[in-house]
file input-v1.pdb (PDB, C-alpha atoms, pLDDT in the B column)
ATOM      1  CA  ALA A   1       0.000   0.000   0.000  1.00 54.00           C
ATOM      2  CA  ILE A   2       1.166   3.514  -0.737  1.00 57.00           C
ATOM      3  CA  MET A   3       2.698   5.187   2.309  1.00 48.00           C
ATOM      4  CA  ALA A   4       1.361   2.586   4.730  1.00 48.00           C
ATOM      5  CA  GLN A   5       2.386   3.171   8.314  1.00 45.00           C
ATOM      6  CA  SER A   6       5.009   0.770   9.622  1.00 56.00           C
ATOM      7  CA  ASP A   7       3.855  -1.559  12.376  1.00 74.00           C
ATOM      8  CA  ASP A   8       6.800  -1.354  14.748  1.00 75.00           C
ATOM      9  CA  SER A   9       5.143  -3.554  17.368  1.00 79.00           C
ATOM     10  CA  ARG A  10       4.719  -6.371  14.843  1.00 79.00           C
ATOM     11  CA  LYS A  11       8.326  -6.010  13.711  1.00 82.00           C
ATOM     12  CA  HIS A  12       9.491  -6.207  17.312  1.00 79.00           C
ATOM     13  CA  ASP A  13       7.278  -9.231  17.950  1.00 84.00           C
ATOM     14  CA  TYR A  14       8.581 -11.061  14.884  1.00 86.00           C
ATOM     15  CA  SER A  15      12.178 -10.181  15.831  1.00 86.00           C
ATOM     16  CA  ASN A  16      11.665 -11.983  19.130  1.00 87.00           C
ATOM     17  CA  ARG A  17      10.449 -15.127  17.338  1.00 88.00           C
ATOM     18  CA  LEU A  18      13.423 -15.516  15.033  1.00 90.00           C
ATOM     19  CA  PRO A  19      15.881 -18.362  15.678  1.00 88.00           C
ATOM     20  CA  VAL A  20      18.797 -15.865  15.703  1.00 89.00           C
ATOM     21  CA  PRO A  21      19.060 -12.219  16.768  1.00 88.00           C
ATOM     22  CA  ALA A  22      18.006  -9.758  14.058  1.00 90.00           C
ATOM     23  CA  ASP A  23      16.268  -6.420  13.630  1.00 90.00           C
ATOM     24  CA  ILE A  24      13.196  -6.782  11.426  1.00 92.00           C
ATOM     25  CA  SER A  25      12.824  -3.897   8.973  1.00 94.00           C
ATOM     26  CA  ALA A  26       9.942  -5.216   6.821  1.00 94.00           C
ATOM     27  CA  PHE A  27       7.328  -7.956   6.783  1.00 94.00           C
ATOM     28  CA  ALA A  28       4.473  -9.123   4.589  1.00 94.00           C
ATOM     29  CA  GLU A  29       1.723 -11.676   5.019  1.00 93.00           C
ATOM     30  CA  SER A  30      -0.344 -13.856   2.718  1.00 94.00           C
ATOM     31  CA  SER A  31      -4.009 -12.978   2.346  1.00 92.00           C
ATOM     32  CA  ASP A  32      -5.012 -15.676   4.847  1.00 93.00           C
ATOM     33  CA  GLY A  33      -2.298 -14.648   7.304  1.00 92.00           C
ATOM     34  CA  ARG A  34      -0.760 -18.124   7.438  1.00 94.00           C
ATOM     35  CA  ARG A  35       2.428 -17.368   5.546  1.00 95.00           C
ATOM     36  CA  VAL A  36       4.589 -14.536   6.853  1.00 94.00           C
ATOM     37  CA  TYR A  37       7.859 -13.216   5.460  1.00 96.00           C
ATOM     38  CA  ALA A  38      10.150 -11.009   7.522  1.00 95.00           C
ATOM     39  CA  GLY A  39      13.243  -9.155   6.332  1.00 95.00           C
ATOM     40  CA  SER A  40      16.032  -7.688   8.426  1.00 94.00           C
ATOM     41  CA  LYS A  41      18.261  -4.648   8.400  1.00 94.00           C
ATOM     42  CA  ASP A  42      21.161  -6.792   7.190  1.00 95.00           C
ATOM     43  CA  GLY A  43      19.380  -8.382   4.218  1.00 95.00           C
ATOM     44  CA  ARG A  44      18.248 -11.718   5.627  1.00 96.00           C
ATOM     45  CA  ILE A  45      14.701 -12.988   5.000  1.00 97.00           C
ATOM     46  CA  TRP A  46      12.722 -15.488   7.070  1.00 96.00           C
ATOM     47  CA  GLN A  47       9.486 -17.336   6.378  1.00 96.00           C
ATOM     48  CA  SER A  48       6.748 -18.670   8.650  1.00 96.00           C
ATOM     49  CA  VAL A  49       3.974 -20.999   7.491  1.00 96.00           C
ATOM     50  CA  ASP A  50       2.035 -20.942  10.774  1.00 95.00           C
ATOM     51  CA  GLY A  51       1.043 -17.313  11.045  1.00 92.00           C
ATOM     52  CA  GLY A  52       4.327 -16.081  12.492  1.00 91.00           C
ATOM     53  CA  LEU A  53       4.756 -18.499  15.382  1.00 92.00           C
ATOM     54  CA  ILE A  54       7.896 -20.179  14.030  1.00 94.00           C
ATOM     55  CA  PHE A  55      10.282 -18.667  11.490  1.00 95.00           C
ATOM     56  CA  LYS A  56      12.902 -20.360   9.324  1.00 95.00           C
ATOM     57  CA  GLU A  57      15.553 -18.478   7.393  1.00 95.00           C
ATOM     58  CA  THR A  58      15.171 -18.579   3.614  1.00 96.00           C
ATOM     59  CA  ALA A  59      17.989 -18.880   1.099  1.00 91.00           C
ATOM     60  CA  ALA A  60      18.338 -15.126   0.619  1.00 88.00           C
ATOM     61  CA  TYR A  61      21.740 -13.458   0.714  1.00 83.00           C
ATOM     62  CA  ALA A  62      24.086 -13.672   3.688  1.00 84.00           C
ATOM     63  CA  ALA A  63      23.915 -10.927   6.274  1.00 87.00           C
ATOM     64  CA  VAL A  64      25.578  -7.685   5.180  1.00 90.00           C
ATOM     65  CA  SER A  65      25.427  -4.634   7.406  1.00 90.00           C
ATOM     66  CA  GLY A  66      23.283  -1.937   5.790  1.00 91.00           C
ATOM     67  CA  HIS A  67      21.806  -4.225   3.103  1.00 94.00           C
ATOM     68  CA  GLN A  68      18.368  -3.542   4.537  1.00 96.00           C
ATOM     69  CA  VAL A  69      15.145  -5.168   3.390  1.00 96.00           C
ATOM     70  CA  GLU A  70      12.959  -2.120   2.804  1.00 97.00           C
ATOM     71  CA  ARG A  71       9.787  -3.828   1.593  1.00 96.00           C
ATOM     72  CA  LEU A  72       8.406  -7.283   0.865  1.00 97.00           C
ATOM     73  CA  TYR A  73       5.623  -8.076  -1.582  1.00 97.00           C
ATOM     74  CA  VAL A  74       3.663 -11.352  -1.363  1.00 96.00           C
ATOM     75  CA  ASP A  75       1.384 -12.360  -4.225  1.00 95.00           C
ATOM     76  CA  PRO A  76      -2.149 -12.550  -2.795  1.00 89.00           C
ATOM     77  CA  ALA A  77      -3.090 -15.713  -4.707  1.00 90.00           C
ATOM     78  CA  TYR A  78       0.296 -17.469  -4.737  1.00 95.00           C
ATOM     79  CA  PRO A  79       2.113 -16.653  -1.481  1.00 96.00           C
ATOM     80  CA  GLN A  80       5.167 -18.631  -2.561  1.00 96.00           C
ATOM     81  CA  VAL A  81       5.809 -15.758  -5.006  1.00 96.00           C
ATOM     82  CA  VAL A  82       7.608 -12.970  -3.148  1.00 97.00           C
ATOM     83  CA  LEU A  83       9.586  -9.881  -4.142  1.00 97.00           C
ATOM     84  CA  ALA A  84      11.987  -7.950  -1.927  1.00 97.00           C
ATOM     85  CA  ALA A  85      13.259  -4.376  -2.231  1.00 98.00           C
ATOM     86  CA  LEU A  86      16.579  -3.617  -0.538  1.00 97.00           C
ATOM     87  CA  SER A  87      18.923  -0.692   0.070  1.00 96.00           C
ATOM     88  CA  GLY A  88      22.659  -0.711   0.786  1.00 94.00           C
ATOM     89  CA  GLU A  89      25.350  -2.725  -0.968  1.00 90.00           C
ATOM     90  CA  GLY A  90      24.233  -5.759  -2.966  1.00 91.00           C
ATOM     91  CA  PRO A  91      21.205  -6.717  -5.099  1.00 94.00           C
ATOM     92  CA  HIS A  92      18.280  -4.355  -4.701  1.00 96.00           C
ATOM     93  CA  VAL A  93      15.350  -6.353  -6.120  1.00 97.00           C
ATOM     94  CA  LEU A  94      14.971 -10.075  -5.385  1.00 96.00           C
ATOM     95  CA  ARG A  95      12.431 -12.666  -6.544  1.00 96.00           C
ATOM     96  CA  THR A  96      11.461 -16.057  -5.218  1.00 96.00           C
ATOM     97  CA  PHE A  97       8.850 -18.280  -6.845  1.00 95.00           C
ATOM     98  CA  ASN A  98       9.176 -21.152  -4.359  1.00 95.00           C
ATOM     99  CA  GLY A  99       8.663 -19.618  -0.953  1.00 95.00           C
ATOM    100  CA  GLY A 100      12.269 -18.627  -0.395  1.00 95.00           C
ATOM    101  CA  ASN A 101      14.051 -21.849  -1.371  1.00 95.00           C
ATOM    102  CA  THR A 102      15.861 -19.773  -4.002  1.00 94.00           C
ATOM    103  CA  TRP A 103      16.118 -16.040  -4.609  1.00 95.00           C
ATOM    104  CA  ASP A 104      17.124 -14.403  -7.879  1.00 93.00           C
ATOM    105  CA  PRO A 105      18.398 -10.836  -8.285  1.00 94.00           C
ATOM    106  CA  LEU A 106      16.389  -8.797 -10.776  1.00 95.00           C
ATOM    107  CA  ASP A 107      18.685  -5.760 -10.933  1.00 93.00           C
ATOM    108  CA  SER A 108      19.953  -6.330 -14.508  1.00 91.00           C
ATOM    109  CA  ASN A 109      20.014  -2.833 -16.077  1.00 92.00           C
ATOM    110  CA  LEU A 110      18.202  -1.186 -13.147  1.00 94.00           C
ATOM    111  CA  PRO A 111      20.215   1.937 -12.225  1.00 93.00           C
ATOM    112  CA  VAL A 112      22.444   1.374  -9.207  1.00 93.00           C
ATOM    113  CA  GLY A 113      20.784   2.615  -6.040  1.00 94.00           C
ATOM    114  CA  ALA A 114      18.462   1.645  -3.237  1.00 97.00           C
ATOM    115  CA  ALA A 115      15.037   0.126  -3.907  1.00 98.00           C
ATOM    116  CA  TYR A 116      12.402   1.112  -1.364  1.00 97.00           C
ATOM    117  CA  SER A 117       9.317  -0.699  -2.577  1.00 97.00           C
ATOM    118  CA  VAL A 118       8.255  -3.313  -5.109  1.00 98.00           C
ATOM    119  CA  THR A 119       4.958  -4.649  -6.419  1.00 97.00           C
ATOM    120  CA  ALA A 120       3.813  -6.901  -9.238  1.00 97.00           C
ATOM    121  CA  ASP A 121       1.044  -8.217 -11.433  1.00 95.00           C
ATOM    122  CA  ARG A 122       1.832 -11.917 -11.644  1.00 93.00           C
ATOM    123  CA  ALA A 123      -0.530 -12.710 -14.515  1.00 90.00           C
ATOM    124  CA  SER A 124       1.154 -10.214 -16.848  1.00 92.00           C
ATOM    125  CA  LYS A 125       4.648 -10.807 -15.393  1.00 93.00           C
ATOM    126  CA  ALA A 126       4.997  -7.112 -14.594  1.00 95.00           C
ATOM    127  CA  VAL A 127       7.232  -5.929 -11.754  1.00 97.00           C
ATOM    128  CA  TYR A 128       7.440  -2.322 -10.538  1.00 98.00           C
ATOM    129  CA  ALA A 129      10.159  -0.864  -8.308  1.00 98.00           C
ATOM    130  CA  ALA A 130      10.435   2.429  -6.423  1.00 98.00           C
ATOM    131  CA  THR A 131      14.095   3.428  -6.276  1.00 97.00           C
ATOM    132  CA  ASP A 132      16.537   6.241  -5.581  1.00 96.00           C
ATOM    133  CA  LYS A 133      16.417   7.005  -9.296  1.00 96.00           C
ATOM    134  CA  GLY A 134      12.627   6.939  -9.703  1.00 96.00           C
ATOM    135  CA  VAL A 135      10.010   4.353 -10.731  1.00 97.00           C
ATOM    136  CA  TYR A 136      10.896   1.480 -13.080  1.00 97.00           C
ATOM    137  CA  TRP A 137       9.149  -1.588 -14.442  1.00 97.00           C
ATOM    138  CA  THR A 138      10.056  -4.803 -16.227  1.00 96.00           C
ATOM    139  CA  HIS A 139       8.671  -8.182 -17.315  1.00 93.00           C
ATOM    140  CA  VAL A 140       9.816 -11.360 -15.553  1.00 93.00           C
ATOM    141  CA  ASP A 141       8.349 -14.808 -14.935  1.00 92.00           C
ATOM    142  CA  LEU A 142       7.101 -14.896 -11.356  1.00 93.00           C
ATOM    143  CA  GLU A 143       5.851 -18.482 -11.277  1.00 90.00           C
ATOM    144  CA  THR A 144       8.456 -20.824 -12.742  1.00 86.00           C
ATOM    145  CA  GLY A 145      11.790 -19.149 -12.231  1.00 77.00           C
ATOM    146  CA  GLY A 146      12.439 -17.992 -15.783  1.00 74.00           C
ATOM    147  CA  THR A 147      15.753 -16.374 -16.637  1.00 75.00           C
ATOM    148  CA  THR A 148      16.577 -13.002 -15.106  1.00 76.00           C
ATOM    149  CA  ASP A 149      19.867 -12.344 -16.907  1.00 74.00           C
ATOM    150  CA  ASN A 150      18.636  -9.921 -19.561  1.00 82.00           C
ATOM    151  CA  LEU A 151      15.797  -8.042 -17.946  1.00 90.00           C
ATOM    152  CA  GLN A 152      15.129  -4.609 -19.385  1.00 94.00           C
ATOM    153  CA  TRP A 153      13.881  -2.080 -16.857  1.00 96.00           C
ATOM    154  CA  THR A 154      11.950   0.888 -18.252  1.00 96.00           C
ATOM    155  CA  ASN A 155      12.038   4.297 -16.599  1.00 96.00           C
ATOM    156  CA  LEU A 156       8.548   5.579 -15.751  1.00 96.00           C
ATOM    157  CA  SER A 157       9.751   8.800 -14.102  1.00 94.00           C
ATOM    158  CA  GLU A 158      10.593  10.882 -17.147  1.00 92.00           C
ATOM    159  CA  THR A 159       7.451  13.002 -16.711  1.00 91.00           C
ATOM    160  CA  LEU A 160       7.662  13.074 -12.905  1.00 93.00           C
ATOM    161  CA  PRO A 161       9.589  15.422 -10.611  1.00 94.00           C
ATOM    162  CA  PRO A 162      13.261  14.415 -10.159  1.00 93.00           C
ATOM    163  CA  ALA A 163      12.857  12.822  -6.754  1.00 95.00           C
ATOM    164  CA  LYS A 164      13.391   9.576  -4.896  1.00 96.00           C
ATOM    165  CA  ALA A 165      10.481   7.139  -5.279  1.00 97.00           C
ATOM    166  CA  VAL A 166       9.720   5.739  -1.835  1.00 97.00           C
ATOM    167  CA  ASP A 167       6.674   3.589  -2.575  1.00 97.00           C
ATOM    168  CA  VAL A 168       4.849   1.948  -5.475  1.00 97.00           C
ATOM    169  CA  ALA A 169       1.570   0.017  -5.615  1.00 96.00           C
ATOM    170  CA  LEU A 170      -1.102  -1.283  -7.973  1.00 96.00           C
ATOM    171  CA  ASP A 171      -4.827  -1.039  -7.363  1.00 93.00           C
ATOM    172  CA  PRO A 172      -6.668  -4.331  -6.608  1.00 90.00           C
ATOM    173  CA  ALA A 173      -7.478  -4.856 -10.287  1.00 88.00           C
ATOM    174  CA  GLY A 174      -3.875  -4.267 -11.317  1.00 90.00           C
ATOM    175  CA  VAL A 175      -4.763  -1.558 -13.819  1.00 90.00           C
ATOM    176  CA  GLN A 176      -3.770   1.632 -11.988  1.00 94.00           C
ATOM    177  CA  LEU A 177      -0.241   2.347 -10.778  1.00 96.00           C
ATOM    178  CA  TYR A 178       0.557   4.671  -7.883  1.00 96.00           C
ATOM    179  CA  ALA A 179       3.943   6.036  -6.872  1.00 96.00           C
ATOM    180  CA  ALA A 180       4.975   8.136  -3.886  1.00 96.00           C
ATOM    181  CA  LEU A 181       7.786  10.638  -4.475  1.00 96.00           C
ATOM    182  CA  GLU A 182       9.746  12.086  -1.591  1.00 96.00           C
ATOM    183  CA  GLY A 183       8.787  15.716  -1.070  1.00 95.00           C
ATOM    184  CA  TYR A 184       6.082  15.711  -3.761  1.00 96.00           C
ATOM    185  CA  GLY A 185       3.331  13.270  -2.814  1.00 95.00           C
ATOM    186  CA  ILE A 186       1.501  10.515  -4.675  1.00 95.00           C
ATOM    187  CA  TYR A 187       1.116  10.214  -8.444  1.00 96.00           C
ATOM    188  CA  GLY A 188      -1.138   7.844 -10.384  1.00 95.00           C
ATOM    189  CA  ALA A 189      -1.383   6.622 -13.963  1.00 93.00           C
ATOM    190  CA  ALA A 190      -2.583   3.668 -15.991  1.00 94.00           C
ATOM    191  CA  ALA A 191      -0.232   0.742 -15.389  1.00 95.00           C
ATOM    192  CA  PRO A 192       1.830   0.226 -18.574  1.00 93.00           C
ATOM    193  CA  HIS A 193       1.561  -3.571 -18.456  1.00 92.00           C
ATOM    194  CA  ARG A 194      -2.143  -3.222 -19.353  1.00 85.00           C
ATOM    195  CA  ALA A 195      -1.128  -2.710 -22.967  1.00 79.00           C
ATOM    196  CA  THR A 196       0.289  -6.240 -23.146  1.00 65.00           C
ATOM    197  CA  GLY A 197      -3.048  -7.976 -22.589  1.00 53.00           C
ATOM    198  CA  LEU A 198      -6.674  -6.931 -22.216  1.00 51.00           C
ATOM    199  CA  ARG A 199      -8.565  -8.121 -19.159  1.00 50.00           C
ATOM    200  CA  LEU A 200     -12.141  -7.704 -17.976  1.00 54.00           C
ATOM    201  CA  VAL A 201     -12.514  -6.239 -14.487  1.00 51.00           C
ATOM    202  CA  ASN A 202     -15.435  -7.085 -12.236  1.00 52.00           C
ATOM    203  CA  ALA A 203     -16.567  -3.772 -10.736  1.00 55.00           C
ATOM    204  CA  ALA A 204     -17.948  -5.519  -7.659  1.00 58.00           C
ATOM    205  CA  ASP A 205     -14.820  -7.266  -6.385  1.00 53.00           C
ATOM    206  CA  TYR A 206     -12.069  -6.185  -8.829  1.00 49.00           C
ATOM    207  CA  SER A 207     -11.480  -9.774  -9.948  1.00 51.00           C
ATOM    208  CA  THR A 208     -10.160 -10.102 -13.479  1.00 53.00           C
ATOM    209  CA  ARG A 209     -10.181 -12.527 -16.381  1.00 52.00           C
ATOM    210  CA  ALA A 210      -8.787 -12.487 -19.871  1.00 48.00           C
ATOM    211  CA  ALA A 211     -10.910 -10.617 -22.399  1.00 48.00           C
ATOM    212  CA  SER A 212     -12.168 -12.502 -25.449  1.00 45.00           C
ATOM    213  CA  PRO A 213     -14.406 -11.671 -28.396  1.00 44.00           C
ATOM    214  CA  GLY A 214     -18.018 -11.545 -27.282  1.00 45.00           C
ATOM    215  CA  SER A 215     -17.144 -11.231 -23.558  1.00 43.00           C
TER     216      SER A 215
END

call {"tool": "encode", "arguments": {"input": "input-v1.pdb", "output": "structure tokens"}}
result
Amino acid sequence: AIMAQSDDSRKHDYSNRLPVPADISAFAESSDGRRVYAGSKDGRIWQSVDGGLIFKETAAYAAVSGHQVERLYVDPAYPQVVLAALSGEGPHVLRTFNGGNTWDPLDSNLPVGAAYSVTADRASKAVYAATDKGVYWTHVDLETGGTTDNLQWTNLSETLPPAKAVDVALDPAGVQLYAALEGYGIYGAAAPHRATGLRLVNAADYSTRAASPGS
């Protein structure tokens, strides 16, 4: 969510449940609350499958001071699909499609700098990142671990003020993109991945399905 308030009490609670000492900087939960991911200020990421009672460390990168997990995104329908945005030295956007058994860096040609938020539309393979250099997006397989070697990130900030992007989010239907810029506020526009495939949106619950002739 754009500019959501951090829940420091939850972070502290999750920190106390980890098998090793760590300061939790970000967490995200599946829609049913059963699966919880927690990231630390040194880049480690843990997963719980029992609502946060017991955490196990995932195969993310080794602890590096300052390589902070800024935000975690969990796909609402497939909670084994997770994205992480990080600051500091090291990869700044990570993807797992198997609940943290493996993590892949998505930086590719993304300008060097901290990432503060990340979101996605799994069906269209679109990933959006809020970074020091602005808002960017790319296409990548989020379900089967497709290659990440030659990702092409596109700058979406050319018409925006020259400011750090601190948050990015899609609306529930995945058709509207919002970005928060430091010192300027929140901007919205049609999400560019919409052009890659038409979908019908149910106005009642924002559920979507592929459009077809005669729909």

call {"tool": "resolve_selection", "arguments": {"input": "input-v1.pdb", "expression": "the PyMOL selection byres ((chain A and resi 102-113) around 8)", "output": "list in words"}}
result
Thr58, Ala59, Ala60, Ser87, Gly88, Pro91, His92, Val93, Leu94, Arg95, Thr96, Phe97, Asn98, Gly99, Gly100, Asn101, Ala114, Ala115, Thr131, Asp132, Lys133, Tyr136, Thr148, Asp149, Asn150, Leu151, Gln152 and Trp153 of chain A

call {"tool": "residues_around", "arguments": {"input": "input-v1.pdb", "residues": "region 19-27 of chain A", "least_positions_apart": "6", "cutoff": "10 Å", "atoms": "only C-alpha atoms", "output": "number ranges by chain"}}
result
A: 6-8, 10-13, 36-47, 54-57, 63, 68-74, 84-85

call {"tool": "residues_around", "arguments": {"input": "input-v1.pdb", "residues": "Lys125 (chain A)", "least_positions_apart": "3", "cutoff": "8 Å", "atoms": "all atoms listed in the file", "output": "PyMOL selection string"}}
result
chain A and resi 120-122+139-142

call {"tool": "atom_distance", "arguments": {"input": "input-v1.pdb", "atom1": "CA of Ser15 (chain A)", "atom2": "CA of Val127 (chain A)"}}
result
28.3 Å

call {"tool": "atom_distance", "arguments": {"input": "input-v1.pdb", "atom1": "CA of Pro172 (chain A)", "atom2": "CA of Pro76 (chain A)"}}
result
10.1 Å

call {"tool": "resolve_selection", "arguments": {"input": "input-v1.pdb", "expression": "the PyMOL selection byres ((chain A and resi 186) around 12)", "output": "list in words"}}
result
Ala1, Ile2, Met3, Leu160, Pro161, Ala163, Lys164, Ala165, Val166, Asp167, Val168, Ala169, Leu177, Tyr178, Ala179, Ala180, Leu181, Glu182, Gly183, Tyr184, Gly185, Tyr187, Gly188 and Ala189 of chain A

call {"tool": "atom_distance", "arguments": {"input": "input-v1.pdb", "atom1": "CA of Trp137 (chain A)", "atom2": "CA of Tyr116 (chain A)"}}
result
13.7 Å
